[in-house]
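S.K.: Take a look at the following structure, please.
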Protein chains: 4
Amino acid sequence: MNRRSTVERAIDLSADCGESFGSYKTGNDDALLPLLTSAHIACGFHASDPMVMDRTVRMCKELGLGIGAHPGFRDLVGFGRRVIEMTREEVEHDVVYQIGALNAFCKRHGVTLGHVKPHGALYNTAAVNAEVAAGIAQGIASLEMDLIVVCQPGTAMDKRAREHGLRVAREGFMDRKYNPDGTLASRRIPGTVYDDPKVAAEQAMRMVTESKVRAMDGTDVPLEVETVCVHSDTPRSVEFARELRKLLDAGGVRYRKLTELVPAVRPR
Amino acid sequence: MNRRSTVERAIDLSADCGESFGSYKTGNDDALLPLLTSAHIACGFHASDPMVMDRTVRMCKELGLGIGAHPGFRDLVGFGRRVIEMTREEVEHDVVYQIGALNAFCKRHGVTLGHVKPHGALYNTAAVNAEVAAGIAQGIASLEMDLIVVCQPGTAMDKRAREHGLRVAREGFMDRKYNPDGTLASRRIPGTVYDDPKVAAEQAMRMVTESKVRAMDGTDVPLEVETVCVHSDTPRSVEFARELRKLLDAGGVRYRKLTELVPAVRPR
Amino acid sequence: MNRRSTVERAIDLSADCGESFGSYKTGNDDALLPLLTSAHIACGFHASDPMVMDRTVRMCKELGLGIGAHPGFRDLVGFGRRVIEMTREEVEHDVVYQIGALNAFCKRHGVTLGHVKPHGALYNTAAVNAEVAAGIAQGIASLEMDLIVVCQPGTAMDKRAREHGLRVAREGFMDRKYNPDGTLASRRIPGTVYDDPKVAAEQAMRMVTESKVRAMDGTDVPLEVETVCVHSDTPRSVEFARELRKLLDAGGVRYRKLTELVPAVRPR
Amino acid sequence: MNRRSTVERAIDLSADCGESFGSYKTGNDDALLPLLTSAHIACGFHASDPMVMDRTVRMCKELGLGIGAHPGFRDLVGFGRRVIEMTREEVEHDVVYQIGALNAFCKRHGVTLGHVKPHGALYNTAAVNAEVAAGIAQGIASLEMDLIVVCQPGTAMDKRAREHGLRVAREGFMDRKYNPDGTLASRRIPGTVYDDPKVAAEQAMRMVTESKVRAMDGTDVPLEVETVCVHSDTPRSVEFARELRKLLDAGGVRYRKLTELVPAVRPR
């Protein structure tokens with residue numbers, strides 16, 4: 001088990017980034033990345049291109065961030081947010097391809113790729129579809145056993161990753177409401193995405209310090225996470241990150257990259 | 001200098017391969033690859049996809065072939081045969097991306113990526129355009145100094161690769177006529193592409209054993225090569241390869257992969 | 001109702017075509033198209049490109065075939081055979097775009113676009129998903145009410161098309177087994193795709209002359225169709241078409257294009 | 001000749017628009033389009049997608065703008081700003097495809113496609129390359145002889161369009177310096193792109209009222225135009241358009257769409 005000492009009280013702050021494409025700019029990497037400890041960098045399938053990937057890896061290196069690959073469905077026009085029905089093998093090879101491409105930019109900048117977080121619809125599908133999750137896990141495991149898989153605790157992705165002997169980082173969301181079973185409440189239900197950075201920061205703070213989250217029905221749900229995701233696709237992402245850091249700082253919580261937080265699974 | 005002992009009389013036989021895409025099949029890899037020592041594998045920009053790349057790397061591994069990346073312009077509909085006006089930086093990063101993607105498939109199959117050969121219009125442009133050649137060389141050098149660049153001798157690519165300290169494998173073409181200056185005669189001139197496997201095999205045999213080629217004007221041009229390219233996009237490619245191997249076998253020429261033929265440039 | 005007089009005994013023979021892409025060739029249009037009365041031409045999303053579309057429309061014109069647009073999911077690597085989760089609006093606009101593009105080639109060759117048949121996974125999804133079917137119907141209806149929608153009888157696509165006031169051509173498959181409810185048996189069940197052209201031809205012949213098909217369980221299912229689909233993605237497609245024509249000829253069945261078989265829905 | 005009466009003093013104001021793609025937003029259509037009389041709408045090759053095209057056509061219709069197709073090279077990552085070496089036939093068919101796709105959205109909104117303006121590198125290449133210009137002209141002429149081609153006066157595009165019997169609208173640029181021969185000065189020369197909306201507006205005003213432009217060397221060059229292009233890819237585009245309208249209003253110049261300004265070439 002990836003059990004982190006509660007005494008330690010350390011957390012990784014992460015976000016999707018490097019999602020511009022050609023002359024199309026998106027996100028707010030310049031302002032947001034300095035507030036994080038890890039970054040999930042798009043790999044050219046749902047977003048990004050080789051120029052953007054190089055620039056983003058360099059920026060993450062300069063900021064000392066943990067670097068992760070953020071593979072997605074091959075669907076630029078849908079920004080990887082639409083499920084594509086793929087076989088396990090197709091998922092596996094698409095993931096290998098994207099990780100390999102990003103890894104080349106890491107290599108040339110002398111940094112190590114530390115983790116992998118599937119993007120958008122691939123992330124969501126992997127949470128519930130064992131075949132897709134297995135494809136991702138197998139792709140990663142075939143490349144490098146030390147790579148950490150970022151996913152929601154208790155999902156198909158979580159299980160498959162552990163079955164393949166991979167390190168897992170459990171992710172929590174600061175700005176989303178949770179169901180009583182620990183899954184995320186659907187965005188379609190009004191009020192399930194927080195507008196208020198303070199409310200979001202408090203939810204995240206509780207995950208970090210108490211390993212709990214208040215669910216939709218008012219009950220407390222246990223939720224242990226190694227990383228808190230700051231949504232980067234909202235203009236107010238910086239505000240959310242700042243608010244959370246205020247609480248974390250006040251609470252004496254330390255910032256640690258995923259590679260430092262998640263123990264190696266295998267003896268070396 | 002990459003000078004190979006003439007006593008040794010060894011040659012690499014290579015071809016572009018892995019150029020199918022999704023349900024579109026092309027080439028004749030099953031029959032052609034067993035006749036070669038090295039393969040240039042498409043990387044998904046001008047041709048190929050992650051499933052094809054995985055299959056092709058596995059096949060090359062089983063056959064013991066030297067494996068090279070075959071990056072091209074991002075132009076699937078044009079099969080990488082149309083020049084795209086790109087900056088040096090764009091070329092550099094596109095090449096890094098493609099090499100990285102292919103390298104992931106090499107890694108998971110436990111084989112080492114040995115060389116890089118630009119494809120089609122990128123190959124031709126790099127032969128004459130110093131900026132494009134520099135972009136390619138820089139991209140490769142930023143990743144791995146041991147990678148061998150496959151190009152025509154005396155071209156901009158050849159020069160830039162050496163300037164960057166990269167190993168170079170000089171390539172000769174068995175089925176194309178040469179100009180008196182050692183460059184290839186344009187395909188548009190009738191009769192510059194050989195139909196007859198025997199004629200082609202004899203031209204290649206002379207390159208290998210005498211380091212010479214008969215030019216369009218009847219004169220002999222010096223041409224030293226480490227690899228002979230067998231065009232894979234003709235249905236008769238297998239016939240050409242077989243004819244050449246007959247001559248090479250008869251002449252006692254040995255088959256060696258590029259990594260064995262091209263000396264390391266730098267002291268290790 | 002699109003009820004065709006049984007006295008008339010006429011049928012449309014159709015197939016997907018124009019599915020090559022760039023230098024990638026697929027299908028057997030030269031040999032197959034002369035045996036048909038209608039063609040479904042790919043529009044560049046799942047297959048084809050502007051050069052192929054122009055050539056295919058010209059060929060269909062020369063052969064006097066009825067011309068239809070064959071829009072698909074935007075998924076070249078998957079050949080449109082993988083479902084992409086799209087909103088009704090996305091489907092609608094993607095279909096409009098593709099029909100418009102093909103229509104331009106019809107216009108320049110002086111022929112009229114007569115029908116629309118969704119491709120692959122879009123066809124299958126539209127059969128069962130009312131939202132996707134509505135998107136397709138709405139897209140077509142917004143362009144031209146005379147366009148005929150080709151689909152399986154009784155499906156969501158059939159219903160939605162009629163609701164939108166569109167003409168419908170019911171399609172039967174010669175080489176696939178049917179379930180007792182008139183739907184196609186899954187390809188995954190062994191034996192549900194016929195290998196024998198004679199068996200396939202007999203099934204089609206019965207649809208045409210008796211409006212019935214023998215289902216998996218041996219019972220007869222009513223099935224009235226205006227067009228019989230000949231699968232073009234098998235090397236033996238020509239053989240299947242020839243076998244069917246033999247029976248049709250012997251039975252005195254006439255060949256008619258969809259536009260002649262399917263009555264206009266609205267008064268003009 | 002497309003000679004417009006100087007007494008009339010009317011001009012078309014136009015800009016590229018509809019260049020967003022999926023979740024990527026670009027341009028400032030909401031604010032800029034109301035200041036124009038014509039719009040060049042991207043067609044999905046260099047930018048845009050079916051959803052964006054539909055929305056943009058609808059917006060142009062509501063504003064009463066003249067609608068033009070804005071076809072470009074198939075190069076999304078390069079935003080159509082990089083030359084792709086294409087044959088005349090390839091250019092022709094790519095243009096037909098894109099016009100057809102946009103025309104479908106015009107049709108469903110009940111508006112008429114009035115003109116075609118090639119985008120970016122295709123526009124620039126067509127100005128100097130007779131083959132590319134011929135491909136464009138031929139593509140347009142094969143579809144609809146009434147379509148107006150927007151280009152710089154005196155270019156290869158201008159000549160080829162007229163040779164094909166097409167209507168031509170001559171375009172002037174408000175924010176770019178001109179060479180003494182009437183061509184645009186290269187963007188790479190510092191100071192050739194105006195920062196000051198007033199300076200730009202005055203240049204355009206002179207084109208419209210005096211049919212002259214002050215060239216780099218201080219001499220006056222004759223320049224007769226039917227449309228003035230407002231660059232939409234700068235955040236200050238609205239300011240430039242407003243400044244120009246101030247001058248035009250003060251000078252009593254009327255705003256007319258291209259279809260009203262450019263006489264029909266052929267007798268009807």
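By order of appearance in the structure tokens: chains A, B, ..., then residues from 1 within every chain, and ligands from 1 in the order shown.
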From a DSSP calculation on the backbone, collect every residue of region 22-268 of chain A in strand (DSSP E) and output the set as a VMD selection string.
M.R.: chain A and resid 38 to 42 66 to 70 113 to 116 148 to 151 167 to 173 212 to 214 220 to 222 227 to 229 254 to 255
S.K.: With 6 Å as the cut-off and only C-alpha atoms counted, what is the closest atom pair between each nearby residue of chain B and chain D? Distances in Å to one decimal, ordered by chain and number, as JSON lines.
M.R.:
```
{"residue": "B:Arg82", "atom": "CA", "partner": "D:Glu85", "partner_atom": "CA", "distance": 5.2}
{"residue": "B:Val83", "atom": "CA", "partner": "D:Glu85", "partner_atom": "CA", "distance": 5.2}
{"residue": "B:Ile84", "atom": "CA", "partner": "D:Ile84", "partner_atom": "CA", "distance": 4.5}
{"residue": "B:Glu85", "atom": "CA", "partner": "D:Val83", "partner_atom": "CA", "distance": 5.2}
```
S.K.: With C-alpha atoms retained, write the just-selected residues as an mmCIF file, in the first residue's frame.
M.R.:
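That gives us result.cif:
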```cif
data_model
loop_
_atom_site.group_PDB
_atom_site.id
_atom_site.type_symbol
_atom_site.label_atom_id
_atom_site.label_comp_id
_atom_site.auth_asym_id
_atom_site.auth_seq_id
_atom_site.Cartn_x
_atom_site.Cartn_y
_atom_site.Cartn_z
ATOM 1 C CA ARG B 82 5.731 17.218 -50.049
ATOM 2 C CA VAL B 83 8.062 19.831 -48.623
ATOM 3 C CA ILE B 84 6.604 21.827 -45.733
ATOM 4 C CA GLU B 85 8.349 25.110 -45.108
#
```
S.K.: When you count only C-alpha atoms, which of these residues is closest to Ser211 (chain A): A:Thr227, A:Thr26, A:Ser38, A:Asn179?
M.R.: A:Thr227
S.K.: Work out how far apart CA of Arg245 (chain C) and CA of Asn124 (chain C) are and give it in Å to one decimal.
M.R.: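 According to the coordinates, CA of Arg245 (chain C) and CA of Asn124 (chain C) are separated by 26.9 Å.
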S.K.: DSSP on the backbone: which residues in region 9-128 of chain D end up as alpha helix (DSSP H)? Give the answer as number ranges by chain.
M.R.: D: 29-32, 50-63, 88-108, 120-128
